[in-house]
Amino acid sequence: MSAATPTSLPEARPATATGRNVLSGVLLGLGVAAFVDEAIFHQLLHWHHFYDKSTPAAGLVSDGLFHAFSWFSTVASLFLLADLRRRAAYHRLHWWGGLLIGAGGFQLYDGTLQHKVLRLHQIRYDVDIAPYDWTWNIIAALLVVAGAVLLLRARRRPA
């Protein structure tokens with residue numbers, strides 16, 4: 001009988017498995033952070049739209065595209081995760097490290113590039129936004145640091 005049967009799955013190389021775990025986590029982190037931002041700040045609180053430099057209708061369309069991005073990122077992550085689990089290549093620390101870096105990285109990107117550099121929108125309008133900005137970006141940095149610590153721990157742990 002051949003070593004490769006139709007039901008056997010190819011073994012993932014350790015470096016490939018590590019990268020796929022991190023990628024799956026990053027994609028879910030992006031998807032979850034974007035979903036939370038969109039659901040809470042855009043829909044429930046009505047503080048802003050993804051793009052606030054046009055009409056409210058354009059803002060709603062931009063929110064829809066943003067929501068689609070977060071959904072596709074989440075679905076792609078879950079497909080990768082299912083494949084990792086099926087191949088017995090899931091590594092908890094790599095995956096969670098990626099998730100925290102993805103969530104924090106998205107939030108840091110949003111808080112710096114979108115809010116400050118491109119000025120696509122602000123967290124809120126007609127208030128002193130400094131406390132919001134500081135809170136947003138400090139939480140983002142803490143998530144990135146926590147994810148990096150997990151990835152460093154995973155790297156130091158024997159295989």
# chains A, B, ... in the order shown; residues from 1 in each chain; ligands from 1
>>> residues_around(residues="A:Tyr90", least_positions_apart="5", cutoff="8 Å", atoms="only C-alpha atoms", output="ChimeraX atom specification")
/A:17,21,81,84-85,95
>>> write_last_selection(atoms="N, CA, C and O atoms", output="PDB file, in the first residue's frame")
ATOM      1  N   ALA A  17       3.825  25.789   9.201  1.00  0.00           N
ATOM      2  CA  ALA A  17       2.753  25.693  10.193  1.00  0.00           C
ATOM      3  C   ALA A  17       2.765  26.912  11.105  1.00  0.00           C
ATOM      4  O   ALA A  17       1.720  27.463  11.431  1.00  0.00           O
ATOM      5  N   ASN A  21      -0.302  29.521  11.367  1.00  0.00           N
ATOM      6  CA  ASN A  21      -0.946  29.793  12.651  1.00  0.00           C
ATOM      7  C   ASN A  21      -0.995  31.284  12.917  1.00  0.00           C
ATOM      8  O   ASN A  21      -2.034  31.817  13.312  1.00  0.00           O
ATOM      9  N   LEU A  81      -7.681  28.076  10.090  1.00  0.00           N
ATOM     10  CA  LEU A  81      -7.681  27.392  11.378  1.00  0.00           C
ATOM     11  C   LEU A  81      -8.186  25.959  11.247  1.00  0.00           C
ATOM     12  O   LEU A  81      -7.594  25.032  11.816  1.00  0.00           O
ATOM     13  N   LEU A  84      -5.430  23.911   9.751  1.00  0.00           N
ATOM     14  CA  LEU A  84      -4.379  23.651  10.742  1.00  0.00           C
ATOM     15  C   LEU A  84      -4.807  22.556  11.717  1.00  0.00           C
ATOM     16  O   LEU A  84      -4.026  21.669  12.043  1.00  0.00           O
ATOM     17  N   ARG A  85      -6.028  22.617  12.166  1.00  0.00           N
ATOM     18  CA  ARG A  85      -6.526  21.596  13.109  1.00  0.00           C
ATOM     19  C   ARG A  85      -6.587  20.230  12.431  1.00  0.00           C
ATOM     20  O   ARG A  85      -6.229  19.226  13.036  1.00  0.00           O
ATOM     21  N   TRP A  95      -0.942  31.079  17.369  1.00  0.00           N
ATOM     22  CA  TRP A  95      -2.243  31.545  16.899  1.00  0.00           C
ATOM     23  C   TRP A  95      -2.725  32.730  17.725  1.00  0.00           C
ATOM     24  O   TRP A  95      -3.135  33.758  17.177  1.00  0.00           O
TER      25      TRP A  95
END
>>> closest_atom_pairs(of="stretch 104-138 of chain A", to="stretch 43-57 of chain A", cutoff="9 Å", atoms="only C-alpha atoms", output="tab-separated table")
residue	atom	partner	partner_atom	distance
A:Gln114	CA	A:Phe50	CA	8.9
A:Arg119	CA	A:Lys53	CA	8.6
A:Leu120	CA	A:Tyr51	CA	5.2
A:His121	CA	A:Asp52	CA	5.3
A:Gln122	CA	A:His48	CA	6.9
A:Ile123	CA	A:His48	CA	6.5
A:Arg124	CA	A:Trp47	CA	5.2
A:Tyr125	CA	A:Trp47	CA	7.2
>>> residues_around(residues="A:Gly29", least_positions_apart="5", cutoff="6 Å", atoms="only C-alpha atoms", output="number ranges by chain")
A: 99, 102-103
>>> closest_residue(among="A:His42, A:Ala146, A:Ala34, A:Leu113", to="A:Gly97", atoms="only C-alpha atoms")
A:Ala146
>>> residues_around(residues="A:Val32", least_positions_apart="4", cutoff="10 Å", atoms="only C-alpha atoms", output="PyMOL selection string")
chain A and resi 26-28+36-38+70-71+73-74+99+102-103+106
>>> write_last_selection(atoms="N, CA and C atoms", output="PDB file, in the first residue's frame")
ATOM      1  N   VAL A  26      -3.793  36.476  12.945  1.00  0.00           N
ATOM      2  CA  VAL A  26      -3.805  37.880  12.522  1.00  0.00           C
ATOM      3  C   VAL A  26      -5.105  38.195  11.787  1.00  0.00           C
ATOM      4  N   LEU A  27      -5.509  37.328  10.872  1.00  0.00           N
ATOM      5  CA  LEU A  27      -6.744  37.575  10.115  1.00  0.00           C
ATOM      6  C   LEU A  27      -7.963  37.629  11.029  1.00  0.00           C
ATOM      7  N   LEU A  28      -8.011  36.735  12.020  1.00  0.00           N
ATOM      8  CA  LEU A  28      -9.157  36.788  12.939  1.00  0.00           C
ATOM      9  C   LEU A  28      -9.072  38.032  13.821  1.00  0.00           C
ATOM     10  N   VAL A  36     -15.839  44.863  15.815  1.00  0.00           N
ATOM     11  CA  VAL A  36     -16.179  45.588  17.044  1.00  0.00           C
ATOM     12  C   VAL A  36     -16.227  47.093  16.769  1.00  0.00           C
ATOM     13  N   ASP A  37     -15.244  47.603  16.048  1.00  0.00           N
ATOM     14  CA  ASP A  37     -15.217  49.029  15.697  1.00  0.00           C
ATOM     15  C   ASP A  37     -16.468  49.397  14.919  1.00  0.00           C
ATOM     16  N   GLU A  38     -16.764  48.619  13.908  1.00  0.00           N
ATOM     17  CA  GLU A  38     -17.897  48.940  13.042  1.00  0.00           C
ATOM     18  C   GLU A  38     -19.224  48.798  13.778  1.00  0.00           C
ATOM     19  N   SER A  70     -14.119  42.975   7.120  1.00  0.00           N
ATOM     20  CA  SER A  70     -13.959  42.277   8.399  1.00  0.00           C
ATOM     21  C   SER A  70     -14.543  40.866   8.319  1.00  0.00           C
ATOM     22  N   TRP A  71     -15.638  40.714   7.608  1.00  0.00           N
ATOM     23  CA  TRP A  71     -16.259  39.400   7.468  1.00  0.00           C
ATOM     24  C   TRP A  71     -15.371  38.460   6.659  1.00  0.00           C
ATOM     25  N   SER A  73     -12.146  38.623   6.215  1.00  0.00           N
ATOM     26  CA  SER A  73     -10.961  38.341   7.015  1.00  0.00           C
ATOM     27  C   SER A  73     -11.264  37.252   8.046  1.00  0.00           C
ATOM     28  N   THR A  74     -12.417  37.336   8.690  1.00  0.00           N
ATOM     29  CA  THR A  74     -12.820  36.344   9.683  1.00  0.00           C
ATOM     30  C   THR A  74     -13.015  34.972   9.041  1.00  0.00           C
ATOM     31  N   LEU A  99      -3.385  36.611  16.734  1.00  0.00           N
ATOM     32  CA  LEU A  99      -4.688  37.256  16.944  1.00  0.00           C
ATOM     33  C   LEU A  99      -4.507  38.599  17.654  1.00  0.00           C
ATOM     34  N   GLY A 102      -2.873  41.048  15.301  1.00  0.00           N
ATOM     35  CA  GLY A 102      -3.831  41.473  14.278  1.00  0.00           C
ATOM     36  C   GLY A 102      -4.827  42.490  14.817  1.00  0.00           C
ATOM     37  N   ALA A 103      -5.383  42.227  16.010  1.00  0.00           N
ATOM     38  CA  ALA A 103      -6.359  43.151  16.596  1.00  0.00           C
ATOM     39  C   ALA A 103      -5.692  44.471  16.958  1.00  0.00           C
ATOM     40  N   PHE A 106      -4.536  46.377  13.771  1.00  0.00           N
ATOM     41  CA  PHE A 106      -5.646  47.068  13.108  1.00  0.00           C
ATOM     42  C   PHE A 106      -5.998  48.339  13.862  1.00  0.00           C
TER      43      PHE A 106
END
>>> decode(residues="stretch 9-123 of chain A", atoms="C-alpha atoms", output="compact mmCIF listing (two decimals), in the first residue's frame")
# COMPACT_ATOMS: atom_id res chain seq x y z
CA LEU A 9 -2.98 14.90 4.48
CA PRO A 10 0.49 16.21 3.74
CA GLU A 11 2.52 17.10 6.79
CA ALA A 12 3.02 20.81 7.26
CA ARG A 13 6.62 21.87 7.69
CA PRO A 14 7.19 23.53 11.09
CA ALA A 15 8.02 26.98 9.64
CA THR A 16 5.01 26.80 7.33
CA ALA A 17 2.75 25.69 10.19
CA THR A 18 4.04 28.54 12.36
CA GLY A 19 3.39 31.10 9.64
CA ARG A 20 -0.08 29.72 8.94
CA ASN A 21 -0.95 29.79 12.65
CA VAL A 22 0.18 33.40 12.93
CA LEU A 23 -1.61 34.36 9.70
CA SER A 24 -4.85 32.71 10.83
CA GLY A 25 -4.65 34.53 14.15
CA VAL A 26 -3.81 37.88 12.52
CA LEU A 27 -6.74 37.57 10.11
CA LEU A 28 -9.16 36.79 12.94
CA GLY A 29 -7.72 39.62 15.04
CA LEU A 30 -8.23 42.03 12.14
CA GLY A 31 -11.74 40.73 11.54
CA VAL A 32 -12.80 40.90 15.18
CA ALA A 33 -11.29 44.35 15.82
CA ALA A 34 -12.87 45.72 12.63
CA PHE A 35 -16.22 44.14 13.52
CA VAL A 36 -16.18 45.59 17.04
CA ASP A 37 -15.22 49.03 15.70
CA GLU A 38 -17.90 48.94 13.04
CA ALA A 39 -20.68 47.49 15.22
CA ILE A 40 -20.08 49.66 18.29
CA PHE A 41 -18.73 52.98 17.01
CA HIS A 42 -20.42 53.08 13.60
CA GLN A 43 -23.76 51.38 14.15
CA LEU A 44 -24.65 51.50 17.85
CA LEU A 45 -23.09 54.78 18.96
CA HIS A 46 -23.24 56.56 15.56
CA TRP A 47 -19.95 58.31 16.36
CA HIS A 48 -18.54 58.08 12.85
CA HIS A 49 -18.48 56.21 9.53
CA PHE A 50 -15.48 54.59 7.91
CA TYR A 51 -15.34 57.57 5.54
CA ASP A 52 -16.75 60.84 6.87
CA LYS A 53 -15.62 63.28 4.17
CA SER A 54 -18.76 63.01 2.05
CA THR A 55 -22.49 62.48 2.44
CA PRO A 56 -24.11 60.21 5.05
CA ALA A 57 -25.02 57.85 2.20
CA ALA A 58 -21.37 57.57 1.18
CA GLY A 59 -20.53 56.95 4.83
CA LEU A 60 -23.00 54.06 4.95
CA VAL A 61 -21.56 52.54 1.78
CA SER A 62 -18.05 52.84 3.22
CA ASP A 63 -19.29 51.12 6.40
CA GLY A 64 -20.71 48.29 4.30
CA LEU A 65 -17.41 47.78 2.50
CA PHE A 66 -15.56 47.92 5.82
CA HIS A 67 -17.94 45.33 7.29
CA ALA A 68 -17.42 43.07 4.25
CA PHE A 69 -13.63 43.33 4.75
CA SER A 70 -13.96 42.28 8.40
CA TRP A 71 -16.26 39.40 7.47
CA PHE A 72 -13.97 38.07 4.71
CA SER A 73 -10.96 38.34 7.02
CA THR A 74 -12.82 36.34 9.68
CA VAL A 75 -13.95 33.65 7.25
CA ALA A 76 -10.47 33.29 5.73
CA SER A 77 -9.03 32.93 9.23
CA LEU A 78 -11.47 30.20 10.15
CA PHE A 79 -10.71 28.24 6.97
CA LEU A 80 -6.99 28.42 7.79
CA LEU A 81 -7.68 27.39 11.38
CA ALA A 82 -9.76 24.41 10.29
CA ASP A 83 -6.96 23.31 7.96
CA LEU A 84 -4.38 23.65 10.74
CA ARG A 85 -6.53 21.60 13.11
CA ARG A 86 -7.13 18.93 10.46
CA ARG A 87 -3.38 18.63 9.88
CA ALA A 88 -2.69 18.59 13.64
CA ALA A 89 -0.51 21.69 13.07
CA TYR A 90 -2.38 24.13 15.34
CA HIS A 91 -0.08 25.88 17.82
CA ARG A 92 -1.97 27.78 20.47
CA LEU A 93 0.69 30.40 21.34
CA HIS A 94 1.45 31.24 17.70
CA TRP A 95 -2.24 31.55 16.90
CA TRP A 96 -3.15 33.70 19.91
CA GLY A 97 -0.03 35.83 19.42
CA GLY A 98 -1.14 36.45 15.83
CA LEU A 99 -4.69 37.26 16.94
CA LEU A 100 -3.49 39.88 19.45
CA ILE A 101 -1.08 41.41 16.92
CA GLY A 102 -3.83 41.47 14.28
CA ALA A 103 -6.36 43.15 16.60
CA GLY A 104 -3.85 45.62 18.02
CA GLY A 105 -2.27 46.27 14.63
CA PHE A 106 -5.65 47.07 13.11
CA GLN A 107 -6.52 49.38 15.97
CA LEU A 108 -3.13 51.13 15.82
CA TYR A 109 -3.44 51.51 12.03
CA ASP A 110 -6.95 52.92 12.45
CA GLY A 111 -6.00 55.26 15.27
CA THR A 112 -2.88 56.65 13.63
CA LEU A 113 -3.13 56.40 9.84
CA GLN A 114 -6.89 56.67 9.33
CA HIS A 115 -7.62 59.11 12.17
CA LYS A 116 -4.55 61.33 12.15
CA VAL A 117 -2.72 61.05 8.83
CA LEU A 118 -5.52 60.49 6.30
CA ARG A 119 -8.26 62.02 8.47
CA LEU A 120 -10.86 59.65 7.02
CA HIS A 121 -12.75 59.94 10.29
CA GLN A 122 -12.25 60.66 13.98
CA ILE A 123 -13.42 58.54 16.89
